[in-house]
$ cat protein.pdb   # PDB, C-alpha atoms
ATOM      1  CA  MET A 271      93.828  77.095 110.493
ATOM      2  CA  LYS A 272      92.470  77.239 106.949
ATOM      3  CA  GLN A 273      88.932  76.588 108.201
ATOM      4  CA  GLU A 274      89.227  79.417 110.775
ATOM      5  CA  LYS A 275      90.385  81.818 108.060
ATOM      6  CA  GLN A 276      87.430  80.892 105.869
ATOM      7  CA  GLN A 277      85.100  81.304 108.843
ATOM      8  CA  LEU A 278      86.611  84.695 109.651
ATOM      9  CA  ASN A 279      86.276  85.859 106.056
ATOM     10  CA  SER A 280      82.667  84.732 105.940
ATOM     11  CA  ALA A 281      81.885  86.386 109.288
ATOM     12  CA  LEU A 282      83.420  89.715 108.250
ATOM     13  CA  VAL A 283      81.474  89.806 104.987
ATOM     14  CA  GLN A 284      78.233  88.742 106.647
ATOM     15  CA  LEU A 285      78.599  91.177 109.555
ATOM     16  CA  PHE A 286      79.259  94.062 107.193
ATOM     17  CA  ASN A 287      76.199  93.157 105.115
ATOM     18  CA  HIS A 288      73.960  92.562 108.149
ATOM     19  CA  ILE A 289      74.847  95.902 109.751
ATOM     20  CA  LEU A 290      74.382  97.707 106.443
ATOM     21  CA  ARG A 291      70.984  96.043 105.967
ATOM     22  CA  GLN A 292      69.919  96.954 109.511
ATOM     23  CA  GLU A 293      70.865 100.588 108.907
ATOM     24  CA  GLU A 294      68.995 100.615 105.605
ATOM     25  CA  LEU A 295      65.943  99.111 107.284
ATOM     26  CA  ALA A 296      66.045 101.630 110.137
ATOM     27  CA  LEU A 297      66.350 104.489 107.643
ATOM     28  CA  SER A 298      63.457 103.196 105.540
ATOM     29  CA  ARG A 299      61.151 103.110 108.576
ATOM     30  CA  GLY A 300      62.167 106.367 110.214
ATOM     31  CA  ALA A 301      61.838 110.081 109.676
ATOM     32  CA  TYR A 302      64.858 110.153 107.359
ATOM     33  CA  GLN A 303      63.662 107.855 104.583
ATOM     34  CA  ASN A 304      65.104 110.102 101.897
ATOM     35  CA  LEU A 305      68.664 109.412 103.081
ATOM     36  CA  SER A 306      70.898 106.549 102.024
ATOM     37  CA  VAL A 307      73.290 104.922 104.484
ATOM     38  CA  SER A 308      76.191 106.632 102.683
ATOM     39  CA  GLU A 309      74.496 110.011 103.035
ATOM     40  CA  MET A 310      73.834 109.366 106.725
ATOM     41  CA  HIS A 311      77.490 108.517 107.267
ATOM     42  CA  LEU A 312      78.517 111.677 105.434
ATOM     43  CA  LEU A 313      76.273 113.733 107.725
ATOM     44  CA  ASP A 314      77.772 111.929 110.692
ATOM     45  CA  ALA A 315      81.279 112.840 109.523
ATOM     46  CA  ALA A 316      80.192 116.449 108.947
ATOM     47  CA  GLN A 317      78.771 116.913 112.426
ATOM     48  CA  THR A 318      82.151 116.984 114.130
ATOM     49  CA  ARG A 319      83.964 120.266 113.813
ATOM     50  CA  HIS A 320      87.568 120.311 112.723
ATOM     51  CA  GLU A 321      90.013 120.883 115.591
ATOM     52  CA  ASP A 322      91.285 124.050 113.901
ATOM     53  CA  GLY A 323      87.827 125.573 113.423
ATOM     54  CA  PRO A 324      84.922 125.199 111.004
ATOM     55  CA  LEU A 325      84.772 122.129 108.798
ATOM     56  CA  THR A 326      85.961 122.654 105.235
ATOM     57  CA  MET A 327      85.106 120.550 102.201
ATOM     58  CA  LYS A 328      88.762 119.490 102.012
ATOM     59  CA  VAL A 329      88.810 118.213 105.599
ATOM     60  CA  LEU A 330      85.456 116.445 105.135
ATOM     61  CA  ALA A 331      86.703 114.752 101.943
ATOM     62  CA  GLY A 332      89.689 113.458 103.905
ATOM     63  CA  ARG A 333      87.472 112.180 106.713
ATOM     64  CA  VAL A 334      85.282 110.129 104.428
ATOM     65  CA  GLY A 335      88.061 109.130 102.046
ATOM     66  CA  VAL A 336      86.663 110.508  98.800
ATOM     67  CA  SER A 337      87.862 112.981  96.209
ATOM     68  CA  ALA A 338      86.772 116.613  96.351
ATOM     69  CA  GLY A 339      84.706 116.077  93.190
ATOM     70  CA  SER A 340      82.811 113.105  94.612
ATOM     71  CA  LEU A 341      82.212 114.972  97.852
ATOM     72  CA  THR A 342      80.840 117.987  95.985
ATOM     73  CA  VAL A 343      78.213 115.809  94.304
ATOM     74  CA  ALA A 344      77.198 114.176  97.602
ATOM     75  CA  VAL A 345      77.132 117.469  99.520
ATOM     76  CA  LYS A 346      75.049 119.108  96.812
ATOM     77  CA  ALA A 347      72.463 116.306  97.093
ATOM     78  CA  LEU A 348      72.328 116.672 100.880
ATOM     79  CA  GLU A 349      72.080 120.436 100.526
ATOM     80  CA  GLN A 350      69.102 120.037  98.174
ATOM     81  CA  LYS A 351      67.457 117.705 100.693
ATOM     82  CA  GLY A 352      67.918 120.325 103.415
ATOM     83  CA  TYR A 353      70.404 118.465 105.630
ATOM     84  CA  LEU A 354      73.406 120.730 105.274
ATOM     85  CA  TYR A 355      74.609 123.869 103.594
ATOM     86  CA  ARG A 356      77.821 125.263 102.208
ATOM     87  CA  GLU A 357      79.200 128.742 102.595
ATOM     88  CA  LYS A 358      82.434 130.536 101.836
ATOM     89  CA  ASN A 359      84.744 130.916 104.801
ATOM     90  CA  PRO A 360      84.656 134.632 105.725
ATOM     91  CA  ALA A 361      88.263 134.368 106.955
ATOM     92  CA  ASP A 362      89.488 132.711 103.734
ATOM     93  CA  ARG A 363      87.156 133.012 100.736
ATOM     94  CA  ARG A 364      89.000 130.166  98.959
ATOM     95  CA  GLN A 365      87.594 127.681 101.446
ATOM     96  CA  VAL A 366      84.081 126.271 101.438
ATOM     97  CA  LEU A 367      82.650 125.441 104.856
ATOM     98  CA  VAL A 368      80.111 122.692 105.476
ATOM     99  CA  GLN A 369      77.470 123.090 108.190
ATOM    100  CA  LEU A 370      74.586 120.861 109.250
ATOM    101  CA  THR A 371      71.056 122.250 109.300
ATOM    102  CA  ASP A 372      68.625 121.433 112.102
ATOM    103  CA  SER A 373      67.377 118.508 109.969
ATOM    104  CA  GLY A 374      70.966 117.304 109.540
ATOM    105  CA  ARG A 375      71.578 117.433 113.285
ATOM    106  CA  GLY A 376      68.317 115.521 113.846
ATOM    107  CA  ALA A 377      69.384 112.842 111.389
ATOM    108  CA  CYS A 378      72.717 112.510 113.195
ATOM    109  CA  ARG A 379      70.970 112.147 116.563
ATOM    110  CA  ALA A 380      68.747 109.409 115.108
ATOM    111  CA  HIS A 381      71.817 107.659 113.674
ATOM    112  CA  GLN A 382      73.598 107.817 117.029
ATOM    113  CA  LEU A 383      70.523 106.349 118.747
ATOM    114  CA  PHE A 384      70.455 103.519 116.189
ATOM    115  CA  HIS A 385      74.069 102.637 116.954
ATOM    116  CA  ALA A 386      73.590 102.973 120.721
ATOM    117  CA  SER A 387      70.606 100.632 120.541
ATOM    118  CA  MET A 388      72.529  98.147 118.402
ATOM    119  CA  VAL A 389      75.430  98.107 120.893
ATOM    120  CA  THR A 390      73.067  97.752 123.863
ATOM    121  CA  GLU A 391      71.260  94.842 122.221
ATOM    122  CA  LEU A 392      74.565  93.128 121.449
ATOM    123  CA  THR A 393      76.247  93.667 124.813
ATOM    124  CA  CYS A 394      73.307  92.347 126.825
ATOM    125  CA  ARG A 395      73.889  88.995 125.119
ATOM    126  CA  LEU A 396      77.570  88.779 126.107
ATOM    127  CA  SER A 397      79.283  87.951 129.368
ATOM    128  CA  ALA A 398      81.823  90.436 130.707
ATOM    129  CA  GLN A 399      84.614  88.113 129.523
ATOM    130  CA  GLN A 400      83.120  87.803 126.030
ATOM    131  CA  LEU A 401      82.667  91.573 125.799
ATOM    132  CA  SER A 402      86.269  92.164 126.842
ATOM    133  CA  ALA A 403      87.564  89.643 124.294
ATOM    134  CA  LEU A 404      85.360  91.104 121.552
ATOM    135  CA  CYS A 405      86.567  94.647 122.276
ATOM    136  CA  ALA A 406      90.201  93.505 122.181
ATOM    137  CA  ALA A 407      89.674  91.697 118.865
ATOM    138  CA  LEU A 408      87.802  94.660 117.387
ATOM    139  CA  ALA A 409      90.682  96.980 118.333
ATOM    140  CA  VAL A 410      93.012  94.764 116.286
ATOM    141  CA  LEU A 411      90.560  94.743 113.366
ATOM    142  CA  ASP A 412      90.161  98.509 113.519
ATOM    143  CA  LYS A 413      93.916  99.062 113.475
ATOM    144  CA  PHE A 414      94.281  96.663 110.548
ATOM    145  CA  PHE A 415      91.503  98.190 108.434
ATOM    146  CA  ALA A 416      92.520 101.762 109.269
ATOM    147  CA  ALA A 417      95.775 101.315 107.321
ATOM    148  CA  PRO A 418      95.139  98.725 104.573
ATOM    149  CA  THR A 419      97.921  99.952 102.300
ATOM    150  CA  LYS A 420     100.721  99.046 104.708
ATOM    151  CA  LYS A 421     102.945  96.100 103.867
ATOM    152  CA  ALA A 422     101.583  92.725 104.890
ATOM    153  CA  ALA A 423     102.875  91.799 108.354
ATOM    154  CA  CYS A 424     102.211  88.047 108.391
ATOM    155  CA  ALA A 425     102.882  86.924 104.846
ATOM    156  CA  LYS A 426     103.892  88.683 101.675
ATOM    157  CA  PRO A 427     101.416  88.359  98.823
ATOM    158  CA  LYS A 428     102.909  86.879  95.677
ATOM    159  CA  GLU A 429     101.554  89.786  93.643
ATOM    160  CA  LYS A 430     103.746  92.764  92.913
ATOM    161  CA  GLY A 431     103.485  95.538  95.478
ATOM    162  CA  GLY A 432     103.128  93.454  98.632
ATOM    163  CA  THR A 433     100.121  95.319 100.084
ATOM    164  CA  LEU A 434      96.803  93.933 101.184
ATOM    165  CA  TRP A 435      94.945  95.215  98.132
ATOM    166  CA  SER A 436      97.592  94.434  95.513
ATOM    167  CA  ALA A 437      95.642  91.356  94.382
ATOM    168  CA  LEU A 438      92.623  93.436  93.347
TER     169      LEU A 438
END
$ encode --input "protein.pdb" --output "structure tokens"
Amino acid sequence: MKQEKQQLNSALVQLFNHILRQEELALSRGAYQNLSVSEMHLLDAAQTRHEDGPLTMKVLAGRVGVSAGSLTVAVKALEQKGYLYREKNPADRRQVLVQLTDSGRGACRAHQLFHASMVTELTCRLSAQQLSALCAALAVLDKFFAAPTKKAACAKPKEKGGTLWSAL
């Protein structure tokens, strides 16, 4: 079991790095060379409207898991590059709305095509059974990583706090 855990750890780290490198490479060769992967993911998060109406800075900060201050810096950079803009909410002047420009929407389309191509290239190499097993395993991984601060379910860490990240 120890060997499988080491293999899993290695695979997760390598997969994360490989996907990140592929995105960086695709960005460096495409029409959006002035964007980082983080900026592209921020644009991607900004493209989806909030269910209650226009997207506010507060909602966007929650989506990407950063503070309002960090988001302001990132949004300002993307605004200067022409990918999005901010405006006061006419219905509530305390709120700042975030909107994609045409260039921002184009970048998001390119990003979606990158991911669609990546998934197509991967799935054509898998049998239906392998694809089903992979999807089931990925659902477990997604659920786990979506809530990393919950108490450990399998074994309690010896460190104080008992959460996944308490050793860091």
$ resolve_selection --input "protein.pdb" --expression "the PyMOL selection byres ((chain A and resi 340-344) around 9)" --output "tab-separated table (two decimals) with C-alpha atoms, in the coordinates of the input"
chain	number	residue	atom	x	y	z
A	309	GLU	CA	74.50	110.01	103.04
A	312	LEU	CA	78.52	111.68	105.43
A	327	MET	CA	85.11	120.55	102.20
A	328	LYS	CA	88.76	119.49	102.01
A	330	LEU	CA	85.46	116.44	105.14
A	331	ALA	CA	86.70	114.75	101.94
A	334	VAL	CA	85.28	110.13	104.43
A	336	VAL	CA	86.66	110.51	98.80
A	337	SER	CA	87.86	112.98	96.21
A	338	ALA	CA	86.77	116.61	96.35
A	339	GLY	CA	84.71	116.08	93.19
A	345	VAL	CA	77.13	117.47	99.52
A	346	LYS	CA	75.05	119.11	96.81
A	347	ALA	CA	72.46	116.31	97.09
A	348	LEU	CA	72.33	116.67	100.88
A	349	GLU	CA	72.08	120.44	100.53
$ atom_distance --input "protein.pdb" --atom1 "CA of Met388 in chain A" --atom2 "CA of Gly335 in chain A"
25.1 Å
$ resolve_selection --input "protein.pdb" --expression "the PyMOL selection byres ((chain A and resi 296) around 12)" --output "JSON list (two decimals) with C-alpha atoms, in the frame of the given file"
[["chain", "number", "residue", "atom", "x", "y", "z"],
["A", 289, "ILE", "CA", 74.85, 95.90, 109.75],
["A", 290, "LEU", "CA", 74.38, 97.71, 106.44],
["A", 291, "ARG", "CA", 70.98, 96.04, 105.97],
["A", 292, "GLN", "CA", 69.92, 96.95, 109.51],
["A", 293, "GLU", "CA", 70.86, 100.59, 108.91],
["A", 294, "GLU", "CA", 69.00, 100.62, 105.60],
["A", 295, "LEU", "CA", 65.94, 99.11, 107.28],
["A", 297, "LEU", "CA", 66.35, 104.49, 107.64],
["A", 298, "SER", "CA", 63.46, 103.20, 105.54],
["A", 299, "ARG", "CA", 61.15, 103.11, 108.58],
["A", 300, "GLY", "CA", 62.17, 106.37, 110.21],
["A", 301, "ALA", "CA", 61.84, 110.08, 109.68],
["A", 302, "TYR", "CA", 64.86, 110.15, 107.36],
["A", 303, "GLN", "CA", 63.66, 107.86, 104.58],
["A", 304, "ASN", "CA", 65.10, 110.10, 101.90],
["A", 305, "LEU", "CA", 68.66, 109.41, 103.08],
["A", 306, "SER", "CA", 70.90, 106.55, 102.02],
["A", 307, "VAL", "CA", 73.29, 104.92, 104.48],
["A", 310, "MET", "CA", 73.83, 109.37, 106.72],
["A", 377, "ALA", "CA", 69.38, 112.84, 111.39],
["A", 380, "ALA", "CA", 68.75, 109.41, 115.11],
["A", 381, "HIS", "CA", 71.82, 107.66, 113.67],
["A", 382, "GLN", "CA", 73.60, 107.82, 117.03],
["A", 383, "LEU", "CA", 70.52, 106.35, 118.75],
["A", 384, "PHE", "CA", 70.46, 103.52, 116.19],
["A", 385, "HIS", "CA", 74.07, 102.64, 116.95],
["A", 387, "SER", "CA", 70.61, 100.63, 120.54],
["A", 388, "MET", "CA", 72.53, 98.15, 118.40]]
$ atom_distance --input "protein.pdb" --atom1 "CA of Ala281 in chain A" --atom2 "CA of Asp314 in chain A"
25.9 Å
$ atom_distance --input "protein.pdb" --atom1 "CA of Ala409 in chain A" --atom2 "CA of Leu325 in chain A"
27.5 Å
$ closest_residue --input "protein.pdb" --among "A:Arg395, A:Arg375, A:Lys351, A:Lys275" --to "Ala316 in chain A" --atoms "all atoms listed in the file"
A:Arg375
$ residues_around --input "protein.pdb" --residues "range 366-372 of chain A" --least-positions-apart "6" --cutoff "6 Å" --atoms "only C-alpha atoms" --output "PDB file with C-alpha atoms, in the coordinates of the input"
ATOM      1  CA  LEU A 325      84.772 122.129 108.798  1.00  0.00           C
ATOM      2  CA  THR A 326      85.961 122.654 105.235  1.00  0.00           C
ATOM      3  CA  MET A 327      85.106 120.550 102.201  1.00  0.00           C
ATOM      4  CA  TYR A 353      70.404 118.465 105.630  1.00  0.00           C
ATOM      5  CA  LEU A 354      73.406 120.730 105.274  1.00  0.00           C
ATOM      6  CA  TYR A 355      74.609 123.869 103.594  1.00  0.00           C
ATOM      7  CA  ARG A 356      77.821 125.263 102.208  1.00  0.00           C
ATOM      8  CA  GLU A 357      79.200 128.742 102.595  1.00  0.00           C
ATOM      9  CA  LYS A 358      82.434 130.536 101.836  1.00  0.00           C
ATOM     10  CA  ASN A 359      84.744 130.916 104.801  1.00  0.00           C
TER      11      ASN A 359
END
$ axis_aligned_box --input "protein.pdb" --around "range 385-399 of chain A" --padding-each-side "5 Å" --output "AutoDock Vina command-line options"
--center_x 77.6 --center_y 95.5 --center_z 123.8 --size_x 24.0 --size_y 25.0 --size_z 23.8
$ build_atoms --input "protein.pdb" --residues "range 297-308 of chain A" --atoms "all heavy atoms" --output "PDB file, in the coordinates of the input"
ATOM      1  N   LEU A 297      66.572 103.257 108.410  1.00  0.00           N
ATOM      2  CA  LEU A 297      66.350 104.489 107.643  1.00  0.00           C
ATOM      3  C   LEU A 297      65.018 104.451 106.901  1.00  0.00           C
ATOM      4  O   LEU A 297      64.294 105.445 106.858  1.00  0.00           O
ATOM      5  CB  LEU A 297      67.486 104.711 106.635  1.00  0.00           C
ATOM      6  CG  LEU A 297      68.738 105.367 107.170  1.00  0.00           C
ATOM      7  CD1 LEU A 297      69.841 105.329 106.120  1.00  0.00           C
ATOM      8  CD2 LEU A 297      68.470 106.794 107.609  1.00  0.00           C
ATOM      9  N   SER A 298      64.678 103.304 106.337  1.00  0.00           N
ATOM     10  CA  SER A 298      63.457 103.196 105.540  1.00  0.00           C
ATOM     11  C   SER A 298      62.197 103.315 106.387  1.00  0.00           C
ATOM     12  O   SER A 298      61.133 103.642 105.875  1.00  0.00           O
ATOM     13  CB  SER A 298      63.430 101.888 104.759  1.00  0.00           C
ATOM     14  OG  SER A 298      63.209 100.788 105.620  1.00  0.00           O
ATOM     15  N   ARG A 299      62.310 103.066 107.678  1.00  0.00           N
ATOM     16  CA  ARG A 299      61.151 103.110 108.576  1.00  0.00           C
ATOM     17  C   ARG A 299      61.076 104.403 109.376  1.00  0.00           C
ATOM     18  O   ARG A 299      60.084 104.637 110.059  1.00  0.00           O
ATOM     19  CB  ARG A 299      61.202 101.940 109.555  1.00  0.00           C
ATOM     20  CG  ARG A 299      61.023 100.608 108.893  1.00  0.00           C
ATOM     21  CD  ARG A 299      61.093  99.511 109.913  1.00  0.00           C
ATOM     22  NE  ARG A 299      60.836  98.220 109.291  1.00  0.00           N
ATOM     23  CZ  ARG A 299      61.037  97.074 109.890  1.00  0.00           C
ATOM     24  NH1 ARG A 299      61.490  97.019 111.113  1.00  0.00           N
ATOM     25  NH2 ARG A 299      60.781  95.946 109.263  1.00  0.00           N
ATOM     26  N   GLY A 300      62.109 105.197 109.348  1.00  0.00           N
ATOM     27  CA  GLY A 300      62.167 106.367 110.214  1.00  0.00           C
ATOM     28  C   GLY A 300      61.829 107.663 109.506  1.00  0.00           C
ATOM     29  O   GLY A 300      61.313 107.677 108.387  1.00  0.00           O
ATOM     30  N   ALA A 301      62.145 108.741 110.181  1.00  0.00           N
ATOM     31  CA  ALA A 301      61.838 110.081 109.676  1.00  0.00           C
ATOM     32  C   ALA A 301      62.788 110.520 108.566  1.00  0.00           C
ATOM     33  O   ALA A 301      62.550 111.545 107.933  1.00  0.00           O
ATOM     34  CB  ALA A 301      61.906 111.080 110.833  1.00  0.00           C
ATOM     35  N   TYR A 302      63.837 109.746 108.322  1.00  0.00           N
ATOM     36  CA  TYR A 302      64.858 110.153 107.359  1.00  0.00           C
ATOM     37  C   TYR A 302      64.924 109.186 106.183  1.00  0.00           C
ATOM     38  O   TYR A 302      65.986 108.769 105.751  1.00  0.00           O
ATOM     39  CB  TYR A 302      66.201 110.292 108.076  1.00  0.00           C
ATOM     40  CG  TYR A 302      66.096 111.269 109.218  1.00  0.00           C
ATOM     41  CD1 TYR A 302      65.941 110.835 110.526  1.00  0.00           C
ATOM     42  CD2 TYR A 302      66.078 112.633 108.972  1.00  0.00           C
ATOM     43  CE1 TYR A 302      65.803 111.739 111.566  1.00  0.00           C
ATOM     44  CE2 TYR A 302      65.938 113.543 110.004  1.00  0.00           C
ATOM     45  CZ  TYR A 302      65.795 113.085 111.299  1.00  0.00           C
ATOM     46  OH  TYR A 302      65.646 113.995 112.315  1.00  0.00           O
ATOM     47  N   GLN A 303      63.765 108.836 105.657  1.00  0.00           N
ATOM     48  CA  GLN A 303      63.662 107.855 104.583  1.00  0.00           C
ATOM     49  C   GLN A 303      64.317 108.307 103.285  1.00  0.00           C
ATOM     50  O   GLN A 303      64.641 107.482 102.445  1.00  0.00           O
ATOM     51  CB  GLN A 303      62.193 107.535 104.313  1.00  0.00           C
ATOM     52  CG  GLN A 303      61.505 106.868 105.468  1.00  0.00           C
ATOM     53  CD  GLN A 303      60.030 106.631 105.212  1.00  0.00           C
ATOM     54  OE1 GLN A 303      59.535 106.867 104.121  1.00  0.00           O
ATOM     55  NE2 GLN A 303      59.337 106.149 106.220  1.00  0.00           N
ATOM     56  N   ASN A 304      64.505 109.610 103.135  1.00  0.00           N
ATOM     57  CA  ASN A 304      65.104 110.102 101.897  1.00  0.00           C
ATOM     58  C   ASN A 304      66.631 110.095 101.940  1.00  0.00           C
ATOM     59  O   ASN A 304      67.278 110.598 101.028  1.00  0.00           O
ATOM     60  CB  ASN A 304      64.583 111.497 101.559  1.00  0.00           C
ATOM     61  CG  ASN A 304      65.003 112.548 102.568  1.00  0.00           C
ATOM     62  OD1 ASN A 304      65.308 112.246 103.724  1.00  0.00           O
ATOM     63  ND2 ASN A 304      65.005 113.801 102.148  1.00  0.00           N
ATOM     64  N   LEU A 305      67.208 109.511 102.976  1.00  0.00           N
ATOM     65  CA  LEU A 305      68.664 109.412 103.081  1.00  0.00           C
ATOM     66  C   LEU A 305      69.122 107.981 102.836  1.00  0.00           C
ATOM     67  O   LEU A 305      68.489 107.033 103.289  1.00  0.00           O
ATOM     68  CB  LEU A 305      69.130 109.830 104.481  1.00  0.00           C
ATOM     69  CG  LEU A 305      69.045 111.298 104.835  1.00  0.00           C
ATOM     70  CD1 LEU A 305      69.376 111.505 106.304  1.00  0.00           C
ATOM     71  CD2 LEU A 305      69.975 112.115 103.956  1.00  0.00           C
ATOM     72  N   SER A 306      70.247 107.854 102.149  1.00  0.00           N
ATOM     73  CA  SER A 306      70.898 106.549 102.024  1.00  0.00           C
ATOM     74  C   SER A 306      71.845 106.380 103.209  1.00  0.00           C
ATOM     75  O   SER A 306      72.150 107.342 103.929  1.00  0.00           O
ATOM     76  CB  SER A 306      71.688 106.478 100.715  1.00  0.00           C
ATOM     77  OG  SER A 306      72.803 107.357 100.783  1.00  0.00           O
ATOM     78  N   VAL A 307      72.332 105.171 103.415  1.00  0.00           N
ATOM     79  CA  VAL A 307      73.290 104.922 104.484  1.00  0.00           C
ATOM     80  C   VAL A 307      74.557 105.753 104.243  1.00  0.00           C
ATOM     81  O   VAL A 307      75.108 106.348 105.182  1.00  0.00           O
ATOM     82  CB  VAL A 307      73.620 103.416 104.593  1.00  0.00           C
ATOM     83  CG1 VAL A 307      74.756 103.185 105.578  1.00  0.00           C
ATOM     84  CG2 VAL A 307      72.393 102.634 105.010  1.00  0.00           C
ATOM     85  N   SER A 308      75.001 105.830 102.997  1.00  0.00           N
ATOM     86  CA  SER A 308      76.191 106.632 102.683  1.00  0.00           C
ATOM     87  C   SER A 308      75.974 108.102 103.023  1.00  0.00           C
ATOM     88  O   SER A 308      76.868 108.758 103.568  1.00  0.00           O
ATOM     89  CB  SER A 308      76.549 106.500 101.201  1.00  0.00           C
ATOM     90  OG  SER A 308      76.922 105.186 100.916  1.00  0.00           O
TER      91      SER A 308
END
